[in-house]
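Some notes on the structure that comes next.
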Amino acid sequence: SVMLLAAIVRAAASVPFMIGWYDEIWQYLEPAWSLVEGPWIQTWDFRDGIRSWLLPQFLALPMALGWWIAPDSDLHLLLPRLTMAALSLTVVGCAAQLGLRLSRLHGLMAGVVAAVWFELIYFAPRTLSEPIGFSLFMGAVWLLMARQAKRSYRGYLAAGFLLGLCFAVRIQYAPVVLMLTIWAARGH
């Protein structure tokens, strides 16, 4: 029920197309659109090869689907934002998992707070590396917390994959990714 509330609120925040930071357009959506449709306004960092194509390639998938379904609408802009909003649900799940370490009530309250916190809602549909990296990191924490009781190879593999993607998306998260990796590997 908390995840449903978070999903509804984030989906509603995805509908109005607002730009909070121009990197959303020039560094992510515009290059993704070039993979779908063709020529684009190329910024100097793509021209010089210092910007990664990882996020534009990821965003091109829902963008292409939206353009294929309804080419004369804004669905090609809505679907990447809904994808980001769905990815941000890992933050809510992780918060609830952390709260459950104390009690069911703590888990419920932590989940509700993460579901309705205005900054988490505002940044959820943003096609920026910061919220994507944060969602990937929190997904890894969620997996590691859930796997703490039963150590499974697949859980660690999935968490490691999410941490690797987090590092690739937002290299500035490297210190905290390293700390979480050391914490998860303790005792081995």
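Identifiers in this document derive from the order of the structure tokens: chains are assigned A, B, ..., residues are numbered from 1 separately in each chain, and ligands are numbered from 1 in order of occurrence.
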Near Asp23 in chain A, counting only C-alpha atoms, which residues have an atom at most 12 Å away, once you skip same-chain residues fewer than 5 positions from it, shown as a ChimeraX atom specification?
/A:28-31,43,45,51,55-56,126-130
May I have the selected residues written with all heavy atoms, as an mmCIF file, in the first residue's frame?
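The resulting file, selection-v5.cif, is shown below:
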data_model
loop_
_atom_site.group_PDB
_atom_site.id
_atom_site.type_symbol
_atom_site.label_atom_id
_atom_site.label_comp_id
_atom_site.auth_asym_id
_atom_site.auth_seq_id
_atom_site.Cartn_x
_atom_site.Cartn_y
_atom_site.Cartn_z
ATOM 1 N N TYR A 28 20.788 14.700 -21.620
ATOM 2 C CA TYR A 28 20.145 13.391 -21.537
ATOM 3 C C TYR A 28 19.028 13.199 -22.554
ATOM 4 O O TYR A 28 19.057 12.259 -23.342
ATOM 5 C CB TYR A 28 19.652 13.142 -20.106
ATOM 6 C CG TYR A 28 20.779 13.260 -19.115
ATOM 7 C CD1 TYR A 28 20.845 14.296 -18.204
ATOM 8 C CD2 TYR A 28 21.832 12.354 -19.135
ATOM 9 C CE1 TYR A 28 21.895 14.419 -17.321
ATOM 10 C CE2 TYR A 28 22.897 12.469 -18.262
ATOM 11 C CZ TYR A 28 22.922 13.501 -17.360
ATOM 12 O OH TYR A 28 23.977 13.622 -16.499
ATOM 13 N N LEU A 29 18.001 14.067 -22.552
ATOM 14 C CA LEU A 29 16.864 13.854 -23.445
ATOM 15 C C LEU A 29 17.202 14.133 -24.906
ATOM 16 O O LEU A 29 16.797 13.375 -25.790
ATOM 17 C CB LEU A 29 15.676 14.707 -22.999
ATOM 18 C CG LEU A 29 15.040 14.304 -21.673
ATOM 19 C CD1 LEU A 29 13.946 15.277 -21.280
ATOM 20 C CD2 LEU A 29 14.511 12.884 -21.729
ATOM 21 N N GLU A 30 17.920 15.190 -25.164
ATOM 22 C CA GLU A 30 18.260 15.526 -26.553
ATOM 23 C C GLU A 30 19.159 14.457 -27.193
ATOM 24 O O GLU A 30 18.888 14.011 -28.306
ATOM 25 C CB GLU A 30 18.910 16.911 -26.599
ATOM 26 C CG GLU A 30 19.137 17.454 -27.978
ATOM 27 C CD GLU A 30 17.861 17.868 -28.702
ATOM 28 O OE1 GLU A 30 16.852 18.151 -28.047
ATOM 29 O OE2 GLU A 30 17.895 17.904 -29.946
ATOM 30 N N PRO A 31 20.236 13.992 -26.517
ATOM 31 C CA PRO A 31 21.016 12.892 -27.106
ATOM 32 C C PRO A 31 20.206 11.601 -27.243
ATOM 33 O O PRO A 31 20.382 10.854 -28.207
ATOM 34 C CB PRO A 31 22.182 12.709 -26.137
ATOM 35 C CG PRO A 31 22.294 13.983 -25.414
ATOM 36 C CD PRO A 31 20.912 14.550 -25.346
ATOM 37 N N THR A 43 26.003 19.244 -27.807
ATOM 38 C CA THR A 43 26.784 20.090 -26.911
ATOM 39 C C THR A 43 28.265 19.742 -27.043
ATOM 40 O O THR A 43 28.628 18.682 -27.550
ATOM 41 C CB THR A 43 26.331 19.907 -25.449
ATOM 42 O OG1 THR A 43 26.467 18.531 -25.090
ATOM 43 C CG2 THR A 43 24.890 20.344 -25.271
ATOM 44 N N ASP A 45 30.491 18.802 -24.909
ATOM 45 C CA ASP A 45 31.024 17.630 -24.209
ATOM 46 C C ASP A 45 30.728 16.326 -24.947
ATOM 47 O O ASP A 45 31.512 15.383 -24.871
ATOM 48 C CB ASP A 45 30.567 17.573 -22.758
ATOM 49 C CG ASP A 45 29.148 18.005 -22.522
ATOM 50 O OD1 ASP A 45 28.468 18.348 -23.498
ATOM 51 O OD2 ASP A 45 28.715 17.999 -21.367
ATOM 52 N N ARG A 51 31.414 13.042 -22.491
ATOM 53 C CA ARG A 51 30.137 12.729 -21.851
ATOM 54 C C ARG A 51 29.762 11.290 -22.173
ATOM 55 O O ARG A 51 29.876 10.844 -23.306
ATOM 56 C CB ARG A 51 29.068 13.695 -22.356
ATOM 57 C CG ARG A 51 27.685 13.507 -21.825
ATOM 58 C CD ARG A 51 27.525 13.809 -20.387
ATOM 59 N NE ARG A 51 27.664 15.215 -20.075
ATOM 60 C CZ ARG A 51 27.233 15.737 -18.943
ATOM 61 N NH1 ARG A 51 26.637 15.001 -18.050
ATOM 62 N NH2 ARG A 51 27.410 17.016 -18.691
ATOM 63 N N LEU A 55 23.366 6.983 -20.060
ATOM 64 C CA LEU A 55 22.014 7.454 -19.743
ATOM 65 C C LEU A 55 21.190 7.793 -20.985
ATOM 66 O O LEU A 55 20.014 7.423 -21.039
ATOM 67 C CB LEU A 55 22.064 8.645 -18.790
ATOM 68 C CG LEU A 55 22.460 8.301 -17.365
ATOM 69 C CD1 LEU A 55 22.459 9.536 -16.494
ATOM 70 C CD2 LEU A 55 21.550 7.252 -16.790
ATOM 71 N N PRO A 56 21.754 8.476 -21.995
ATOM 72 C CA PRO A 56 20.939 8.691 -23.197
ATOM 73 C C PRO A 56 20.503 7.383 -23.854
ATOM 74 O O PRO A 56 19.370 7.284 -24.348
ATOM 75 C CB PRO A 56 21.866 9.490 -24.120
ATOM 76 C CG PRO A 56 22.763 10.218 -23.195
ATOM 77 C CD PRO A 56 22.987 9.277 -22.046
ATOM 78 N N ARG A 126 12.837 13.138 -12.695
ATOM 79 C CA ARG A 126 13.889 13.898 -13.376
ATOM 80 C C ARG A 126 14.873 12.970 -14.082
ATOM 81 O O ARG A 126 15.364 12.023 -13.490
ATOM 82 C CB ARG A 126 14.651 14.788 -12.400
ATOM 83 C CG ARG A 126 13.793 15.760 -11.672
ATOM 84 C CD ARG A 126 13.426 16.919 -12.573
ATOM 85 N NE ARG A 126 12.424 17.731 -11.914
ATOM 86 C CZ ARG A 126 11.352 18.164 -12.520
ATOM 87 N NH1 ARG A 126 11.127 17.895 -13.762
ATOM 88 N NH2 ARG A 126 10.481 18.894 -11.884
ATOM 89 N N THR A 127 15.149 13.282 -15.314
ATOM 90 C CA THR A 127 16.095 12.496 -16.111
ATOM 91 C C THR A 127 17.493 13.080 -15.946
ATOM 92 O O THR A 127 18.098 13.585 -16.886
ATOM 93 C CB THR A 127 15.678 12.483 -17.591
ATOM 94 O OG1 THR A 127 15.519 13.834 -18.034
ATOM 95 C CG2 THR A 127 14.396 11.721 -17.797
ATOM 96 N N LEU A 128 17.990 13.007 -14.729
ATOM 97 C CA LEU A 128 19.306 13.501 -14.366
ATOM 98 C C LEU A 128 20.113 12.375 -13.728
ATOM 99 O O LEU A 128 19.535 11.433 -13.172
ATOM 100 C CB LEU A 128 19.194 14.662 -13.368
ATOM 101 C CG LEU A 128 18.579 15.959 -13.889
ATOM 102 C CD1 LEU A 128 18.224 16.886 -12.743
ATOM 103 C CD2 LEU A 128 19.551 16.639 -14.836
ATOM 104 N N SER A 129 21.419 12.496 -13.748
ATOM 105 C CA SER A 129 22.251 11.430 -13.195
ATOM 106 C C SER A 129 22.152 11.335 -11.672
ATOM 107 O O SER A 129 22.288 10.244 -11.118
ATOM 108 C CB SER A 129 23.712 11.629 -13.613
ATOM 109 O OG SER A 129 24.234 12.827 -13.086
ATOM 110 N N GLU A 130 21.899 12.436 -10.984
ATOM 111 C CA GLU A 130 21.840 12.402 -9.523
ATOM 112 C C GLU A 130 20.696 11.538 -9.004
ATOM 113 O O GLU A 130 20.929 10.621 -8.206
ATOM 114 C CB GLU A 130 21.740 13.824 -8.945
ATOM 115 C CG GLU A 130 22.975 14.647 -9.143
ATOM 116 C CD GLU A 130 22.979 15.415 -10.464
ATOM 117 O OE1 GLU A 130 22.096 15.180 -11.318
ATOM 118 O OE2 GLU A 130 23.873 16.245 -10.644
#
Based on DSSP run over this structure's backbone, return all residues of range 46-170 of chain A in helix (DSSP H, G or I), as a ChimeraX atom specification.
/A:46-47,54-69,75-87,89-100,104-116,118-123,129-147,153-169
Val141 in chain A environment, 12 Å, only C-alpha atoms, sequence neighbours closer than 5 positions dropped, as a PDB file with C-alpha atoms, in the first residue's frame:
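Resulting contents of selection.pdb:
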ATOM      1  CA  THR A  90      13.664   1.775  -4.660  1.00  0.00           C
ATOM      2  CA  VAL A  91      14.126   4.691  -2.257  1.00  0.00           C
ATOM      3  CA  VAL A  92      10.754   3.999  -0.651  1.00  0.00           C
ATOM      4  CA  GLY A  93      11.454   0.271  -0.431  1.00  0.00           C
ATOM      5  CA  CYS A  94      14.848   0.863   1.106  1.00  0.00           C
ATOM      6  CA  ALA A  95      13.473   3.306   3.682  1.00  0.00           C
ATOM      7  CA  ALA A  96      10.791   0.810   4.693  1.00  0.00           C
ATOM      8  CA  GLN A  97      13.398  -1.990   4.896  1.00  0.00           C
ATOM      9  CA  LEU A  98      15.605   0.148   7.145  1.00  0.00           C
ATOM     10  CA  PHE A 134      20.640   7.688  -5.883  1.00  0.00           C
ATOM     11  CA  SER A 135      17.836   5.298  -6.854  1.00  0.00           C
ATOM     12  CA  LEU A 136      20.353   2.679  -8.006  1.00  0.00           C
ATOM     13  CA  ALA A 146      16.955  -7.902   2.671  1.00  0.00           C
ATOM     14  CA  ARG A 147      19.745 -10.399   1.968  1.00  0.00           C
ATOM     15  CA  GLN A 148      21.473  -9.852   5.295  1.00  0.00           C
ATOM     16  CA  GLY A 155      21.188 -11.039  -4.143  1.00  0.00           C
ATOM     17  CA  TYR A 156      24.810 -10.004  -3.881  1.00  0.00           C
ATOM     18  CA  ALA A 158      22.166  -7.954  -8.226  1.00  0.00           C
ATOM     19  CA  ALA A 159      23.326  -5.486  -5.557  1.00  0.00           C
ATOM     20  CA  GLY A 160      26.813  -5.415  -7.067  1.00  0.00           C
ATOM     21  CA  PHE A 161      25.330  -4.775 -10.505  1.00  0.00           C
ATOM     22  CA  LEU A 162      23.272  -1.862  -9.154  1.00  0.00           C
ATOM     23  CA  LEU A 163      26.327  -0.436  -7.388  1.00  0.00           C
ATOM     24  CA  CYS A 166      25.457   3.708  -9.766  1.00  0.00           C
ATOM     25  CA  VAL A 176      29.854   5.717  -0.596  1.00  0.00           C
ATOM     26  CA  VAL A 177      29.700   2.808  -3.077  1.00  0.00           C
ATOM     27  CA  MET A 179      31.892   1.986   1.884  1.00  0.00           C
ATOM     28  CA  LEU A 180      28.728  -0.015   1.192  1.00  0.00           C
ATOM     29  CA  THR A 181      30.750  -2.691  -0.618  1.00  0.00           C
ATOM     30  CA  TRP A 183      30.136  -3.197   4.742  1.00  0.00           C
ATOM     31  CA  ALA A 184      28.427  -5.883   2.642  1.00  0.00           C
TER      32      ALA A 184
END
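For the atom pair formed by CA of Phe17 in chain A and CA of Leu79 in chain A, the distance is 11.2 Å, given to one decimal.
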Do you know which residues are at most 7 Å from Ala110 in chain A counting only C-alpha atoms, after dropping those on the same chain fewer than 3 positions away, and could you put them as a ChimeraX atom specification?
/A:95-96,99,106-107,113-114
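Residues in contact range of Ser88 in chain A, defined as at most 10 Å between only C-alpha atoms, with sequence neighbours fewer than 4 positions away removed, read Ala6, Ala7, Arg10, Leu82, Thr83, Met84, Val92, Gly93, Ala115, Leu120, Ile121, Phe123, Ala124, Pro125, Arg126, Pro131, Ile132, Gly133, Phe134, Ser135, Leu136, Met138 and Gly139 of chain A.
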Could you write out the selected residues, including N, CA, C and O atoms, as a tab-separated table (two decimals), in the first residue's frame?
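Done, and the output landed in result_10.tsv:
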chain	number	residue	atom	x	y	z
A	6	ALA	N	3.26	5.70	-3.21
A	6	ALA	CA	4.44	6.33	-3.79
A	6	ALA	C	4.38	6.31	-5.32
A	6	ALA	O	4.74	7.30	-5.97
A	7	ALA	N	3.93	5.22	-5.89
A	7	ALA	CA	3.84	5.12	-7.35
A	7	ALA	C	2.82	6.11	-7.91
A	7	ALA	O	3.08	6.77	-8.93
A	10	ARG	N	4.24	9.71	-7.63
A	10	ARG	CA	5.34	9.93	-8.57
A	10	ARG	C	4.83	9.96	-10.02
A	10	ARG	O	5.35	10.72	-10.84
A	82	LEU	N	8.28	8.57	-16.52
A	82	LEU	CA	7.62	7.50	-15.75
A	82	LEU	C	8.60	6.39	-15.40
A	82	LEU	O	8.52	5.79	-14.33
A	83	THR	N	9.53	6.12	-16.30
A	83	THR	CA	10.57	5.12	-16.02
A	83	THR	C	11.42	5.57	-14.84
A	83	THR	O	11.73	4.76	-13.95
A	84	MET	N	11.79	6.83	-14.81
A	84	MET	CA	12.58	7.35	-13.69
A	84	MET	C	11.77	7.31	-12.40
A	84	MET	O	12.30	7.00	-11.34
A	92	VAL	N	11.84	4.29	-1.59
A	92	VAL	CA	10.75	4.00	-0.65
A	92	VAL	C	10.93	2.60	-0.06
A	92	VAL	O	10.81	2.40	1.15
A	93	GLY	N	11.24	1.63	-0.92
A	93	GLY	CA	11.45	0.27	-0.43
A	93	GLY	C	12.62	0.17	0.53
A	93	GLY	O	12.54	-0.53	1.54
A	115	ALA	N	7.63	7.97	0.80
A	115	ALA	CA	6.66	8.00	-0.29
A	115	ALA	C	6.13	9.40	-0.54
A	115	ALA	O	5.85	9.75	-1.69
A	120	LEU	N	11.74	14.10	-2.70
A	120	LEU	CA	11.84	12.79	-3.35
A	120	LEU	C	10.82	12.67	-4.47
A	120	LEU	O	11.09	12.04	-5.50
A	121	ILE	N	9.66	13.29	-4.30
A	121	ILE	CA	8.64	13.29	-5.36
A	121	ILE	C	9.07	14.20	-6.51
A	121	ILE	O	8.97	13.82	-7.68
A	123	PHE	N	12.11	15.14	-7.50
A	123	PHE	CA	13.24	14.64	-8.26
A	123	PHE	C	13.03	13.25	-8.84
A	123	PHE	O	13.83	12.80	-9.67
A	124	ALA	N	11.97	12.55	-8.44
A	124	ALA	CA	11.74	11.19	-8.94
A	124	ALA	C	11.66	11.10	-10.46
A	124	ALA	O	12.32	10.25	-11.05
A	125	PRO	N	10.89	11.94	-11.14
A	125	PRO	CA	10.80	11.80	-12.60
A	125	PRO	C	11.91	12.51	-13.38
A	125	PRO	O	11.92	12.48	-14.62
A	126	ARG	N	12.84	13.14	-12.70
A	126	ARG	CA	13.89	13.90	-13.38
A	126	ARG	C	14.87	12.97	-14.08
A	126	ARG	O	15.36	12.02	-13.49
A	131	PRO	N	19.43	11.80	-9.40
A	131	PRO	CA	18.37	10.93	-8.88
A	131	PRO	C	18.46	9.50	-9.38
A	131	PRO	O	18.08	8.56	-8.67
A	132	ILE	N	18.99	9.30	-10.59
A	132	ILE	CA	19.14	7.93	-11.10
A	132	ILE	C	20.19	7.20	-10.28
A	132	ILE	O	19.98	6.06	-9.84
A	133	GLY	N	21.33	7.84	-10.04
A	133	GLY	CA	22.38	7.22	-9.23
A	133	GLY	C	21.91	6.94	-7.82
A	133	GLY	O	22.19	5.88	-7.25
A	134	PHE	N	21.16	7.88	-7.24
A	134	PHE	CA	20.64	7.69	-5.88
A	134	PHE	C	19.66	6.52	-5.83
A	134	PHE	O	19.71	5.70	-4.91
A	135	SER	N	18.79	6.41	-6.82
A	135	SER	CA	17.84	5.30	-6.85
A	135	SER	C	18.56	3.96	-7.01
A	135	SER	O	18.18	2.97	-6.37
A	136	LEU	N	19.58	3.91	-7.84
A	136	LEU	CA	20.35	2.68	-8.01
A	136	LEU	C	21.06	2.32	-6.71
A	136	LEU	O	21.08	1.14	-6.30
A	138	MET	N	20.21	3.18	-3.61
A	138	MET	CA	19.24	2.75	-2.60
A	138	MET	C	18.66	1.38	-2.93
A	138	MET	O	18.33	0.61	-2.03
A	139	GLY	N	18.55	1.06	-4.22
A	139	GLY	CA	18.14	-0.28	-4.59
A	139	GLY	C	19.14	-1.32	-4.13
A	139	GLY	O	18.76	-2.41	-3.65
